[in-house]
file coords09.cif (mmCIF, C-alpha atoms)
data_run
#
loop_
_atom_site.group_PDB
_atom_site.id
_atom_site.type_symbol
_atom_site.label_atom_id
_atom_site.label_comp_id
_atom_site.auth_asym_id
_atom_site.auth_seq_id
_atom_site.Cartn_x
_atom_site.Cartn_y
_atom_site.Cartn_z
ATOM 1 C CA MET A 1 -1.816 -10.638 31.841
ATOM 2 C CA SER A 2 -0.081 -11.017 28.498
ATOM 3 C CA VAL A 3 0.339 -13.778 25.927
ATOM 4 C CA THR A 4 3.493 -14.306 23.859
ATOM 5 C CA VAL A 5 3.522 -16.353 20.659
ATOM 6 C CA ARG A 6 6.618 -17.449 18.765
ATOM 7 C CA VAL A 7 6.270 -17.861 14.996
ATOM 8 C CA PRO A 8 8.833 -19.007 12.407
ATOM 9 C CA ALA A 9 10.201 -17.730 9.125
ATOM 10 C CA LYS A 10 9.846 -19.800 5.973
ATOM 11 C CA VAL A 11 11.840 -20.720 2.916
ATOM 12 C CA ASN A 12 10.232 -21.811 -0.348
ATOM 13 C CA VAL A 13 12.029 -24.960 -1.449
ATOM 14 C CA ARG A 14 9.943 -25.013 -4.629
ATOM 15 C CA LEU A 15 7.904 -22.068 -5.870
ATOM 16 C CA ALA A 16 6.074 -22.725 -9.130
ATOM 17 C CA VAL A 17 4.108 -19.724 -10.394
ATOM 18 C CA GLY A 18 1.330 -19.699 -12.961
ATOM 19 C CA ALA A 19 0.106 -16.876 -15.155
ATOM 20 C CA ALA A 20 -1.734 -13.932 -13.640
ATOM 21 C CA ARG A 21 -5.394 -14.634 -12.897
ATOM 22 C CA PRO A 22 -8.228 -12.199 -13.632
ATOM 23 C CA ASP A 23 -8.211 -11.181 -9.953
ATOM 24 C CA GLY A 24 -4.524 -10.231 -10.202
ATOM 25 C CA TYR A 25 -3.242 -13.152 -8.142
ATOM 26 C CA HIS A 26 -1.224 -16.079 -9.501
ATOM 27 C CA ASP A 27 -1.905 -19.769 -8.982
ATOM 28 C CA LEU A 28 0.993 -21.348 -7.111
ATOM 29 C CA ALA A 29 2.461 -24.682 -6.207
ATOM 30 C CA ASN A 30 4.457 -23.510 -3.220
ATOM 31 C CA VAL A 31 6.442 -25.936 -1.077
ATOM 32 C CA PHE A 32 6.967 -24.212 2.268
ATOM 33 C CA LEU A 33 9.497 -25.178 4.922
ATOM 34 C CA ALA A 34 9.429 -23.379 8.272
ATOM 35 C CA VAL A 35 12.886 -22.551 9.651
ATOM 36 C CA SER A 36 14.262 -21.637 13.049
ATOM 37 C CA LEU A 37 14.288 -17.848 12.766
ATOM 38 C CA TYR A 38 11.464 -16.433 14.863
ATOM 39 C CA ASP A 39 9.451 -13.340 15.637
ATOM 40 C CA GLU A 40 7.674 -13.115 18.990
ATOM 41 C CA ILE A 41 4.366 -11.295 19.322
ATOM 42 C CA THR A 42 3.122 -10.335 22.776
ATOM 43 C CA ALA A 43 -0.522 -9.332 23.260
ATOM 44 C CA THR A 44 -1.404 -7.276 26.338
ATOM 45 C CA PRO A 45 -4.769 -5.675 27.238
ATOM 46 C CA ALA A 46 -4.876 -1.969 26.368
ATOM 47 C CA ASP A 47 -7.342 0.882 25.923
ATOM 48 C CA GLU A 48 -7.089 0.645 22.138
ATOM 49 C CA LEU A 49 -5.278 -1.227 19.398
ATOM 50 C CA ARG A 50 -1.597 -0.331 19.381
ATOM 51 C CA VAL A 51 1.419 -1.925 17.647
ATOM 52 C CA THR A 52 5.051 -1.491 18.641
ATOM 53 C CA CYS A 53 8.124 -3.199 17.246
ATOM 54 C CA GLU A 54 11.701 -3.808 18.335
ATOM 55 C CA GLY A 55 14.658 -5.675 16.876
ATOM 56 C CA PRO A 56 16.668 -5.549 13.612
ATOM 57 C CA ASP A 57 15.146 -3.175 11.040
ATOM 58 C CA ALA A 58 12.200 -2.431 13.326
ATOM 59 C CA ASP A 59 12.108 1.082 11.880
ATOM 60 C CA ARG A 60 10.974 -0.432 8.549
ATOM 61 C CA VAL A 61 7.890 -2.089 10.074
ATOM 62 C CA PRO A 62 4.614 -0.138 9.744
ATOM 63 C CA LEU A 63 2.916 0.427 13.083
ATOM 64 C CA ASP A 64 -0.497 1.472 11.794
ATOM 65 C CA ARG A 65 -3.465 -0.696 10.849
ATOM 66 C CA THR A 66 -1.806 -1.844 7.635
ATOM 67 C CA ASN A 67 0.456 -4.062 9.757
ATOM 68 C CA LEU A 68 -0.691 -7.677 9.431
ATOM 69 C CA ALA A 69 -0.570 -8.117 13.206
ATOM 70 C CA ALA A 70 -3.027 -5.241 13.604
ATOM 71 C CA ARG A 71 -5.209 -6.582 10.796
ATOM 72 C CA ALA A 72 -5.292 -9.995 12.465
ATOM 73 C CA ALA A 73 -6.473 -8.503 15.757
ATOM 74 C CA LEU A 74 -9.128 -6.452 13.961
ATOM 75 C CA ALA A 75 -10.399 -9.471 12.021
ATOM 76 C CA LEU A 76 -10.689 -11.681 15.108
ATOM 77 C CA ALA A 77 -12.336 -8.930 17.152
ATOM 78 C CA GLU A 78 -14.890 -8.234 14.421
ATOM 79 C CA ARG A 79 -15.837 -11.905 14.147
ATOM 80 C CA HIS A 80 -16.399 -12.167 17.877
ATOM 81 C CA GLY A 81 -18.103 -8.806 18.430
ATOM 82 C CA ARG A 82 -15.522 -7.209 20.675
ATOM 83 C CA GLU A 83 -13.232 -4.203 20.666
ATOM 84 C CA PRO A 84 -9.652 -4.834 19.471
ATOM 85 C CA ALA A 85 -8.291 -3.285 22.671
ATOM 86 C CA VAL A 86 -4.822 -4.778 22.699
ATOM 87 C CA HIS A 87 -1.181 -3.751 22.598
ATOM 88 C CA LEU A 88 0.761 -5.946 20.156
ATOM 89 C CA ARG A 89 4.506 -5.860 20.739
ATOM 90 C CA ILE A 90 6.534 -7.433 17.925
ATOM 91 C CA ALA A 91 10.053 -8.622 18.681
ATOM 92 C CA LYS A 92 11.591 -8.995 15.207
ATOM 93 C CA ASP A 93 14.232 -11.512 14.296
ATOM 94 C CA ILE A 94 12.910 -12.564 10.877
ATOM 95 C CA PRO A 95 14.396 -10.312 8.166
ATOM 96 C CA VAL A 96 12.102 -7.438 7.180
ATOM 97 C CA ALA A 97 10.991 -7.384 3.512
ATOM 98 C CA GLY A 98 13.248 -10.363 2.896
ATOM 99 C CA GLY A 99 11.008 -12.939 1.247
ATOM 100 C CA MET A 100 10.834 -15.035 4.436
ATOM 101 C CA ALA A 101 7.234 -14.175 5.433
ATOM 102 C CA GLY A 102 8.122 -12.006 8.415
ATOM 103 C CA GLY A 103 4.986 -9.897 8.077
ATOM 104 C CA SER A 104 2.866 -12.990 7.577
ATOM 105 C CA ALA A 105 4.449 -14.536 10.664
ATOM 106 C CA ASP A 106 3.466 -11.475 12.680
ATOM 107 C CA GLY A 107 -0.122 -11.747 11.436
ATOM 108 C CA ALA A 108 -0.394 -15.406 12.398
ATOM 109 C CA GLY A 109 1.315 -14.820 15.724
ATOM 110 C CA ALA A 110 -0.913 -11.894 16.630
ATOM 111 C CA LEU A 111 -4.014 -13.875 15.695
ATOM 112 C CA LEU A 112 -3.092 -16.767 17.998
ATOM 113 C CA ALA A 113 -1.986 -14.387 20.759
ATOM 114 C CA CYS A 114 -5.260 -12.450 20.672
ATOM 115 C CA ASP A 115 -7.350 -15.620 20.505
ATOM 116 C CA THR A 116 -5.559 -16.877 23.610
ATOM 117 C CA LEU A 117 -5.658 -13.549 25.462
ATOM 118 C CA TRP A 118 -9.340 -12.935 24.751
ATOM 119 C CA GLY A 119 -10.411 -16.540 25.253
ATOM 120 C CA THR A 120 -12.390 -16.501 22.022
ATOM 121 C CA GLY A 121 -11.725 -20.219 21.513
ATOM 122 C CA ALA A 122 -11.781 -19.948 17.735
ATOM 123 C CA PRO A 123 -11.434 -23.386 16.111
ATOM 124 C CA ARG A 124 -8.387 -24.060 13.952
ATOM 125 C CA GLU A 125 -10.494 -23.821 10.780
ATOM 126 C CA GLU A 126 -11.635 -20.310 11.707
ATOM 127 C CA LEU A 127 -8.091 -19.179 12.461
ATOM 128 C CA LEU A 128 -6.898 -20.542 9.119
ATOM 129 C CA ASP A 129 -9.781 -18.799 7.339
ATOM 130 C CA ILE A 130 -8.826 -15.476 8.924
ATOM 131 C CA CYS A 131 -5.185 -16.116 7.987
ATOM 132 C CA ALA A 132 -6.140 -16.747 4.352
ATOM 133 C CA GLY A 133 -7.958 -13.402 4.283
ATOM 134 C CA LEU A 134 -4.830 -11.640 5.533
ATOM 135 C CA GLY A 135 -2.412 -12.984 2.925
ATOM 136 C CA SER A 136 -1.243 -15.999 0.969
ATOM 137 C CA ASP A 137 1.620 -16.922 3.331
ATOM 138 C CA VAL A 138 -0.182 -16.305 6.631
ATOM 139 C CA PRO A 139 -1.878 -19.733 6.955
ATOM 140 C CA PHE A 140 1.482 -21.502 6.675
ATOM 141 C CA SER A 141 2.966 -19.257 9.365
ATOM 142 C CA LEU A 142 0.266 -20.553 11.704
ATOM 143 C CA VAL A 143 0.802 -24.213 10.749
ATOM 144 C CA GLY A 144 4.598 -24.441 10.288
ATOM 145 C CA GLY A 145 6.483 -27.646 9.532
ATOM 146 C CA ALA A 146 6.345 -28.272 5.794
ATOM 147 C CA ALA A 147 3.388 -27.925 3.465
ATOM 148 C CA LEU A 148 2.345 -27.603 -0.139
ATOM 149 C CA GLY A 149 0.430 -24.394 -0.748
ATOM 150 C CA THR A 150 -1.875 -24.273 -3.772
ATOM 151 C CA GLY A 151 -4.416 -21.737 -5.005
ATOM 152 C CA ARG A 152 -2.589 -18.492 -4.284
ATOM 153 C CA GLY A 153 -0.616 -20.396 -1.628
ATOM 154 C CA GLU A 154 -3.224 -20.423 1.138
ATOM 155 C CA GLU A 155 -4.647 -23.923 0.532
ATOM 156 C CA LEU A 156 -2.303 -26.129 2.542
ATOM 157 C CA THR A 157 -1.489 -29.826 2.484
ATOM 158 C CA GLY A 158 0.950 -30.954 5.165
ATOM 159 C CA LEU A 159 4.103 -32.722 4.006
ATOM 160 C CA GLU A 160 6.235 -35.384 5.640
ATOM 161 C CA VAL A 161 9.816 -34.426 6.434
ATOM 162 C CA GLY A 162 12.319 -37.157 7.251
ATOM 163 C CA GLY A 163 15.053 -35.069 8.873
ATOM 164 C CA ASP A 164 16.492 -31.618 9.461
ATOM 165 C CA PHE A 165 17.664 -29.361 6.649
ATOM 166 C CA HIS A 166 20.336 -26.747 7.377
ATOM 167 C CA TRP A 167 20.274 -23.336 5.731
ATOM 168 C CA VAL A 168 22.256 -20.146 5.451
ATOM 169 C CA PHE A 169 20.401 -16.926 4.663
ATOM 170 C CA ALA A 170 22.192 -13.882 3.254
ATOM 171 C CA LEU A 171 20.381 -10.604 3.876
ATOM 172 C CA SER A 172 20.458 -7.922 1.215
ATOM 173 C CA ALA A 173 21.171 -4.264 1.816
ATOM 174 C CA ARG A 174 17.921 -3.405 0.019
ATOM 175 C CA GLY A 175 14.343 -4.624 0.100
ATOM 176 C CA LEU A 176 12.126 -5.962 -2.656
ATOM 177 C CA SER A 177 8.391 -5.465 -2.857
ATOM 178 C CA THR A 178 6.530 -8.719 -3.444
ATOM 179 C CA PRO A 179 3.975 -7.040 -5.777
ATOM 180 C CA ALA A 180 6.847 -5.495 -7.752
ATOM 181 C CA VAL A 181 8.505 -8.898 -8.188
ATOM 182 C CA TYR A 182 5.243 -10.413 -9.440
ATOM 183 C CA ARG A 183 4.810 -7.518 -11.859
ATOM 184 C CA GLU A 184 8.313 -8.169 -13.176
ATOM 185 C CA PHE A 185 7.484 -11.890 -13.445
ATOM 186 C CA ASP A 186 4.469 -10.945 -15.604
ATOM 187 C CA ARG A 187 6.575 -8.569 -17.710
ATOM 188 C CA LEU A 188 9.283 -11.160 -18.320
ATOM 189 C CA GLY A 189 6.671 -13.771 -19.228
ATOM 190 C CA GLU A 190 4.627 -11.565 -21.528
ATOM 191 C CA GLY A 191 3.644 -13.490 -24.657
ATOM 192 C CA MET A 192 4.915 -16.786 -23.246
ATOM 193 C CA ASP A 193 2.845 -19.878 -22.520
ATOM 194 C CA ILE A 194 3.213 -20.225 -18.746
ATOM 195 C CA PRO A 195 2.283 -23.754 -17.623
ATOM 196 C CA ARG A 196 -0.061 -24.553 -14.752
ATOM 197 C CA PRO A 197 2.055 -24.792 -11.588
ATOM 198 C CA VAL A 198 2.417 -28.265 -10.091
ATOM 199 C CA ALA A 199 4.355 -29.681 -7.163
ATOM 200 C CA ASP A 200 7.683 -31.223 -8.112
ATOM 201 C CA GLN A 201 7.640 -34.834 -6.895
ATOM 202 C CA ALA A 202 11.430 -34.822 -6.566
ATOM 203 C CA VAL A 203 11.149 -32.041 -3.958
ATOM 204 C CA LEU A 204 8.470 -33.908 -2.008
ATOM 205 C CA ASP A 205 10.484 -37.135 -2.086
ATOM 206 C CA ALA A 206 13.670 -35.392 -0.909
ATOM 207 C CA LEU A 207 11.825 -33.782 2.003
ATOM 208 C CA ALA A 208 10.246 -37.086 2.995
ATOM 209 C CA LYS A 209 13.642 -38.806 2.953
ATOM 210 C CA GLY A 210 15.409 -35.991 4.766
ATOM 211 C CA ASP A 211 17.986 -35.952 1.955
ATOM 212 C CA PRO A 212 19.650 -32.538 1.462
ATOM 213 C CA THR A 213 21.657 -33.695 -1.554
ATOM 214 C CA ALA A 214 18.509 -34.782 -3.389
ATOM 215 C CA LEU A 215 16.679 -31.607 -2.342
ATOM 216 C CA ALA A 216 19.538 -29.493 -3.693
ATOM 217 C CA VAL A 217 19.020 -30.907 -7.181
ATOM 218 C CA ALA A 218 15.281 -30.169 -7.123
ATOM 219 C CA LEU A 219 15.195 -26.671 -5.548
ATOM 220 C CA ALA A 220 13.707 -24.016 -7.831
ATOM 221 C CA ASN A 221 11.974 -20.652 -7.639
ATOM 222 C CA ASP A 222 10.052 -19.285 -10.625
ATOM 223 C CA LEU A 223 10.284 -15.764 -9.154
ATOM 224 C CA GLN A 224 14.087 -15.813 -9.101
ATOM 225 C CA PRO A 225 14.580 -14.362 -12.623
ATOM 226 C CA ALA A 226 12.261 -11.474 -11.740
ATOM 227 C CA ALA A 227 14.037 -10.815 -8.440
ATOM 228 C CA LEU A 228 17.427 -10.863 -10.193
ATOM 229 C CA SER A 229 16.121 -8.537 -12.901
ATOM 230 C CA LEU A 230 15.148 -5.980 -10.242
ATOM 231 C CA CYS A 231 18.163 -6.608 -8.025
ATOM 232 C CA PRO A 232 21.040 -7.936 -10.186
ATOM 233 C CA GLU A 233 23.573 -7.801 -7.353
ATOM 234 C CA LEU A 234 21.863 -10.836 -5.801
ATOM 235 C CA GLY A 235 23.650 -12.853 -8.482
ATOM 236 C CA ASP A 236 26.964 -12.061 -6.790
ATOM 237 C CA THR A 237 25.628 -13.317 -3.453
ATOM 238 C CA LEU A 238 24.336 -16.532 -5.022
ATOM 239 C CA ALA A 239 27.709 -17.125 -6.679
ATOM 240 C CA ALA A 240 29.578 -16.476 -3.421
ATOM 241 C CA GLY A 241 27.446 -19.005 -1.563
ATOM 242 C CA ARG A 242 27.904 -21.658 -4.222
ATOM 243 C CA ALA A 243 31.654 -21.084 -4.186
ATOM 244 C CA ALA A 244 31.612 -21.441 -0.393
ATOM 245 C CA GLY A 245 30.286 -24.991 -0.706
ATOM 246 C CA ALA A 246 26.501 -24.653 -0.597
ATOM 247 C CA LEU A 247 24.695 -27.642 -2.079
ATOM 248 C CA ALA A 248 22.283 -25.224 -3.745
ATOM 249 C CA ALA A 249 21.483 -21.520 -3.805
ATOM 250 C CA LEU A 250 18.299 -19.655 -4.627
ATOM 251 C CA VAL A 251 16.391 -16.472 -3.948
ATOM 252 C CA SER A 252 13.999 -16.989 -1.025
ATOM 253 C CA GLY A 253 10.438 -16.351 -2.192
ATOM 254 C CA SER A 254 10.211 -12.922 -3.767
ATOM 255 C CA GLY A 255 13.600 -11.966 -2.282
ATOM 256 C CA PRO A 256 15.871 -10.239 -1.716
ATOM 257 C CA THR A 257 17.116 -12.717 0.898
ATOM 258 C CA THR A 258 19.122 -15.521 -0.696
ATOM 259 C CA ALA A 259 19.021 -19.053 0.722
ATOM 260 C CA PHE A 260 21.788 -21.641 0.695
ATOM 261 C CA LEU A 261 21.222 -25.303 1.483
ATOM 262 C CA ALA A 262 24.043 -26.927 3.442
ATOM 263 C CA LEU A 263 24.907 -30.560 4.027
ATOM 264 C CA ASP A 264 24.861 -30.196 7.824
ATOM 265 C CA ALA A 265 25.151 -27.661 10.643
ATOM 266 C CA GLU A 266 28.959 -27.515 10.427
ATOM 267 C CA SER A 267 28.844 -26.851 6.697
ATOM 268 C CA ALA A 268 26.235 -24.138 7.245
ATOM 269 C CA SER A 269 28.526 -22.406 9.730
ATOM 270 C CA ASP A 270 31.431 -22.535 7.273
ATOM 271 C CA ILE A 271 29.320 -21.147 4.409
ATOM 272 C CA ALA A 272 28.029 -18.373 6.651
ATOM 273 C CA GLY A 273 31.570 -17.334 7.508
ATOM 274 C CA VAL A 274 32.579 -17.109 3.860
ATOM 275 C CA LEU A 275 29.469 -15.123 2.953
ATOM 276 C CA ARG A 276 30.055 -12.658 5.799
ATOM 277 C CA ALA A 277 33.528 -11.983 4.447
ATOM 278 C CA SER A 278 32.413 -11.790 0.807
ATOM 279 C CA GLY A 279 31.084 -8.238 0.888
ATOM 280 C CA THR A 280 28.030 -9.330 -1.141
ATOM 281 C CA CYS A 281 25.438 -9.042 1.686
ATOM 282 C CA ARG A 282 24.792 -7.008 4.815
ATOM 283 C CA ASP A 283 24.265 -9.908 7.237
ATOM 284 C CA VAL A 284 24.107 -13.696 7.361
ATOM 285 C CA ARG A 285 21.933 -16.021 9.441
ATOM 286 C CA THR A 286 21.824 -19.788 9.867
ATOM 287 C CA ALA A 287 18.720 -21.833 10.633
ATOM 288 C CA ALA A 288 17.299 -25.323 10.345
ATOM 289 C CA GLY A 289 13.932 -26.687 9.337
ATOM 290 C CA PRO A 290 11.330 -27.921 9.756
ATOM 291 C CA ALA A 291 10.279 -25.678 12.645
ATOM 292 C CA ALA A 292 6.996 -25.623 14.523
ATOM 293 C CA GLY A 293 4.340 -23.095 13.533
ATOM 294 C CA ALA A 294 2.896 -20.365 15.765
ATOM 295 C CA THR A 295 3.287 -21.506 19.379
ATOM 296 C CA VAL A 296 2.055 -19.957 22.629
ATOM 297 C CA LEU A 297 5.052 -19.559 24.953
ATOM 298 C CA ASN A 298 3.265 -18.621 28.162
#

call {"tool": "encode", "arguments": {"input": "coords09.cif", "output": "structure tokens"}}
result
Amino acid sequence: MSVTVRVPAKVNVRLAVGAARPDGYHDLANVFLAVSLYDEITATPADELRVTCEGPDADRVPLDRTNLAARAALALAERHGREPAVHLRIAKDIPVAGGMAGGSADGAGALLACDTLWGTGAPREELLDICAGLGSDVPFSLVGGAALGTGRGEELTGLEVGGDFHWVFALSARGLSTPAVYREFDRLGEGMDIPRPVADQAVLDALAKGDPTALAVALANDLQPAALSLCPELGDTLAAGRAAGALAALVSGSGPTTAFLALDAESASDIAGVLRASGTCRDVRTAAGPAAGATVLN
């Protein structure tokens, strides 16, 4: 017997970041939107915990117990007094180290897959609590759709979305470490008065109306200057996407993936074609949101 779970990528349509807290984290007002790029995690009984990975950039995914999928299985097993004897096979399609929560998706997917395989019957609240202990983005990967994340991003409030939003994602030839981007954010903001992060009502209203033109005006990412400081060539990709007709362009999360909002699916396809030919990125993907969160497929 095996259980396969599909789990989506995310884009941050508004990421407001506060000053560093004493514990090293930052308070956030993080508007998540799940999009239709997916990893699939298959859990199969085994003699011991084992992680394997296939798909684009699979060689960059750690296969030891630092992998969030492995950590999820360990956390659930510990809570329910059992051995984490499972083989977790990750089929990657979400960009690796791209600011789209691929690792977090794998953690949420593995957690749901193991809960289903083992029949632990953990309530939703327990699964979300385990997710929050794994990382700030992991709870949203479980929930999907659209949500406002506060605290360090793990405290979720679901948001209404009135229609589909079409995106183009340009993948960078290099990765960016999320901790490194936050360190650069702190360096760039040293001596400045950084306001408390709050949700932008214009973003919430645009999502609720399903209005891509209104959302384009309100999109913002407080980590973008830090990502561009560490990876200046992303500026060329952003400019190429804007020139191709994107309604808006921004760095996705901590980067280095760049995200381009399109008017519709046809426009997204046109923008993707221009970006592929621009020489400013290594690959281009299109997707739409909102997408469902972690879902058992079998």

call {"tool": "resolve_selection", "arguments": {"input": "coords09.cif", "expression": "the PyMOL selection byres ((chain A and resi 74) around 10)", "output": "short mmCIF file (atom, residue, chain, number, x, y, z; two decimals) with C-alpha atoms, in the frame of the given file"}}
result
data_model
loop_
_atom_site.label_atom_id
_atom_site.label_comp_id
_atom_site.auth_asym_id
_atom_site.auth_seq_id
_atom_site.Cartn_x
_atom_site.Cartn_y
_atom_site.Cartn_z
CA LEU A 49 -5.28 -1.23 19.40
CA ARG A 65 -3.46 -0.70 10.85
CA LEU A 68 -0.69 -7.68 9.43
CA ALA A 69 -0.57 -8.12 13.21
CA ALA A 70 -3.03 -5.24 13.60
CA ARG A 71 -5.21 -6.58 10.80
CA ALA A 72 -5.29 -9.99 12.46
CA ALA A 73 -6.47 -8.50 15.76
CA ALA A 75 -10.40 -9.47 12.02
CA LEU A 76 -10.69 -11.68 15.11
CA ALA A 77 -12.34 -8.93 17.15
CA GLU A 78 -14.89 -8.23 14.42
CA ARG A 79 -15.84 -11.90 14.15
CA ARG A 82 -15.52 -7.21 20.68
CA GLU A 83 -13.23 -4.20 20.67
CA PRO A 84 -9.65 -4.83 19.47
CA ALA A 85 -8.29 -3.28 22.67
CA VAL A 86 -4.82 -4.78 22.70
CA LEU A 111 -4.01 -13.88 15.70
CA CYS A 114 -5.26 -12.45 20.67
#

call {"tool": "residues_around", "arguments": {"input": "coords09.cif", "residues": "range 282-290 of chain A", "least_positions_apart": "5", "cutoff": "7 Å", "atoms": "all atoms listed in the file", "output": "ChimeraX atom specification"}}
result
/A:33-37,145-146,164-173,268,272,276

call {"tool": "atom_distance", "arguments": {"input": "coords09.cif", "atom1": "CA of Val296 in chain A", "atom2": "CA of Asp39 in chain A"}}
result
12.1 Å

call {"tool": "resolve_selection", "arguments": {"input": "coords09.cif", "expression": "the PyMOL selection byres ((chain A and resi 161) around 8)", "output": "PyMOL selection string"}}
result
chain A and resi 146+159-160+162-164+207-210+290

call {"tool": "write_last_selection", "arguments": {"input": "coords09.cif", "atoms": "C-alpha atoms", "output": "PDB file, in the coordinates of the input"}}
result
ATOM      1  CA  ALA A 146       6.345 -28.272   5.794  1.00  0.00           C
ATOM      2  CA  LEU A 159       4.103 -32.722   4.006  1.00  0.00           C
ATOM      3  CA  GLU A 160       6.235 -35.384   5.640  1.00  0.00           C
ATOM      4  CA  GLY A 162      12.319 -37.157   7.251  1.00  0.00           C
ATOM      5  CA  GLY A 163      15.053 -35.069   8.873  1.00  0.00           C
ATOM      6  CA  ASP A 164      16.492 -31.618   9.461  1.00  0.00           C
ATOM      7  CA  LEU A 207      11.825 -33.782   2.003  1.00  0.00           C
ATOM      8  CA  ALA A 208      10.246 -37.086   2.995  1.00  0.00           C
ATOM      9  CA  LYS A 209      13.642 -38.806   2.953  1.00  0.00           C
ATOM     10  CA  GLY A 210      15.409 -35.991   4.766  1.00  0.00           C
ATOM     11  CA  PRO A 290      11.330 -27.921   9.756  1.00  0.00           C
TER      12      PRO A 290
END

call {"tool": "atom_distance", "arguments": {"input": "coords09.cif", "atom1": "CA of Val13 in chain A", "atom2": "CA of Asn221 in chain A"}}
result
7.5 Å

call {"tool": "atom_distance", "arguments": {"input": "coords09.cif", "atom1": "CA of Lys10 in chain A", "atom2": "CA of Pro45 in chain A"}}
result
29.4 Å

call {"tool": "closest_residue", "arguments": {"input": "coords09.cif", "among": "A:Asn12, A:Gln201, A:Asn30, A:Ser252", "to": "Glu155 in chain A", "atoms": "all atoms listed in the file"}}
result
A:Asn30

call {"tool": "residues_around", "arguments": {"input": "coords09.cif", "residues": "Thr213 in chain A", "least_positions_apart": "2", "cutoff": "10 Å", "atoms": "only C-alpha atoms", "output": "VMD selection string"}}
result
chain A and resid 206 210 to 211 215 to 218 247 to 248 261 to 263

call {"tool": "closest_atom_pairs", "arguments": {"input": "coords09.cif", "of": "range 146-206 of chain A", "to": "range 128-135 of chain A", "cutoff": "12 Å", "atoms": "only C-alpha atoms", "output": "Markdown table"}}
result
| residue | atom | partner | partner_atom | distance |
| --- | --- | --- | --- | --- |
| A:Gly149 | CA | A:Ala132 | CA | 11.3 |
| A:Thr150 | CA | A:Ala132 | CA | 11.9 |
| A:Gly151 | CA | A:Ala132 | CA | 10.7 |
| A:Arg152 | CA | A:Gly135 | CA | 9.1 |
| A:Gly153 | CA | A:Gly135 | CA | 8.9 |
| A:Glu154 | CA | A:Ala132 | CA | 5.7 |
| A:Glu155 | CA | A:Ala132 | CA | 8.3 |
| A:Leu156 | CA | A:Leu128 | CA | 9.8 |
| A:Thr178 | CA | A:Gly135 | CA | 11.8 |

call {"tool": "residues_around", "arguments": {"input": "coords09.cif", "residues": "Arg174 in chain A", "least_positions_apart": "2", "cutoff": "12 Å", "atoms": "only C-alpha atoms", "output": "ChimeraX atom specification"}}
result
/A:57,60,95-99,170-172,176-177,227,230-234,255-257,280-283

call {"tool": "write_last_selection", "arguments": {"input": "coords09.cif", "atoms": "C-alpha atoms", "output": "PDB file, in the frame of the given file"}}
result
ATOM      1  CA  ASP A  57      15.146  -3.175  11.040  1.00  0.00           C
ATOM      2  CA  ARG A  60      10.974  -0.432   8.549  1.00  0.00           C
ATOM      3  CA  PRO A  95      14.396 -10.312   8.166  1.00  0.00           C
ATOM      4  CA  VAL A  96      12.102  -7.438   7.180  1.00  0.00           C
ATOM      5  CA  ALA A  97      10.991  -7.384   3.512  1.00  0.00           C
ATOM      6  CA  GLY A  98      13.248 -10.363   2.896  1.00  0.00           C
ATOM      7  CA  GLY A  99      11.008 -12.939   1.247  1.00  0.00           C
ATOM      8  CA  ALA A 170      22.192 -13.882   3.254  1.00  0.00           C
ATOM      9  CA  LEU A 171      20.381 -10.604   3.876  1.00  0.00           C
ATOM     10  CA  SER A 172      20.458  -7.922   1.215  1.00  0.00           C
ATOM     11  CA  LEU A 176      12.126  -5.962  -2.656  1.00  0.00           C
ATOM     12  CA  SER A 177       8.391  -5.465  -2.857  1.00  0.00           C
ATOM     13  CA  ALA A 227      14.037 -10.815  -8.440  1.00  0.00           C
ATOM     14  CA  LEU A 230      15.148  -5.980 -10.242  1.00  0.00           C
ATOM     15  CA  CYS A 231      18.163  -6.608  -8.025  1.00  0.00           C
ATOM     16  CA  PRO A 232      21.040  -7.936 -10.186  1.00  0.00           C
ATOM     17  CA  GLU A 233      23.573  -7.801  -7.353  1.00  0.00           C
ATOM     18  CA  LEU A 234      21.863 -10.836  -5.801  1.00  0.00           C
ATOM     19  CA  GLY A 255      13.600 -11.966  -2.282  1.00  0.00           C
ATOM     20  CA  PRO A 256      15.871 -10.239  -1.716  1.00  0.00           C
ATOM     21  CA  THR A 257      17.116 -12.717   0.898  1.00  0.00           C
ATOM     22  CA  THR A 280      28.030  -9.330  -1.141  1.00  0.00           C
ATOM     23  CA  CYS A 281      25.438  -9.042   1.686  1.00  0.00           C
ATOM     24  CA  ARG A 282      24.792  -7.008   4.815  1.00  0.00           C
ATOM     25  CA  ASP A 283      24.265  -9.908   7.237  1.00  0.00           C
TER      26      ASP A 283
END

call {"tool": "build_atoms", "arguments": {"input": "coords09.cif", "residues": "range 108-113 of chain A", "atoms": "N, CA and C atoms", "output": "mmCIF file, keeping the file's coordinate frame"}}
result
data_model
loop_
_atom_site.group_PDB
_atom_site.id
_atom_site.type_symbol
_atom_site.label_atom_id
_atom_site.label_comp_id
_atom_site.auth_asym_id
_atom_site.auth_seq_id
_atom_site.Cartn_x
_atom_site.Cartn_y
_atom_site.Cartn_z
ATOM 1 N N ALA A 108 0.013 -14.139 11.794
ATOM 2 C CA ALA A 108 -0.394 -15.406 12.398
ATOM 3 C C ALA A 108 -0.143 -15.407 13.897
ATOM 4 N N GLY A 109 1.006 -14.862 14.301
ATOM 5 C CA GLY A 109 1.315 -14.820 15.724
ATOM 6 C C GLY A 109 0.361 -13.945 16.503
ATOM 7 N N ALA A 110 0.024 -12.786 15.957
ATOM 8 C CA ALA A 110 -0.913 -11.894 16.630
ATOM 9 C C ALA A 110 -2.299 -12.524 16.730
ATOM 10 N N LEU A 111 -2.705 -13.225 15.677
ATOM 11 C CA LEU A 111 -4.014 -13.875 15.695
ATOM 12 C C LEU A 111 -4.098 -14.900 16.821
ATOM 13 N N LEU A 112 -3.085 -15.756 16.942
ATOM 14 C CA LEU A 112 -3.092 -16.767 17.998
ATOM 15 C C LEU A 112 -2.966 -16.120 19.374
ATOM 16 N N ALA A 113 -2.148 -15.069 19.472
ATOM 17 C CA ALA A 113 -1.986 -14.387 20.759
ATOM 18 C C ALA A 113 -3.287 -13.750 21.221
#
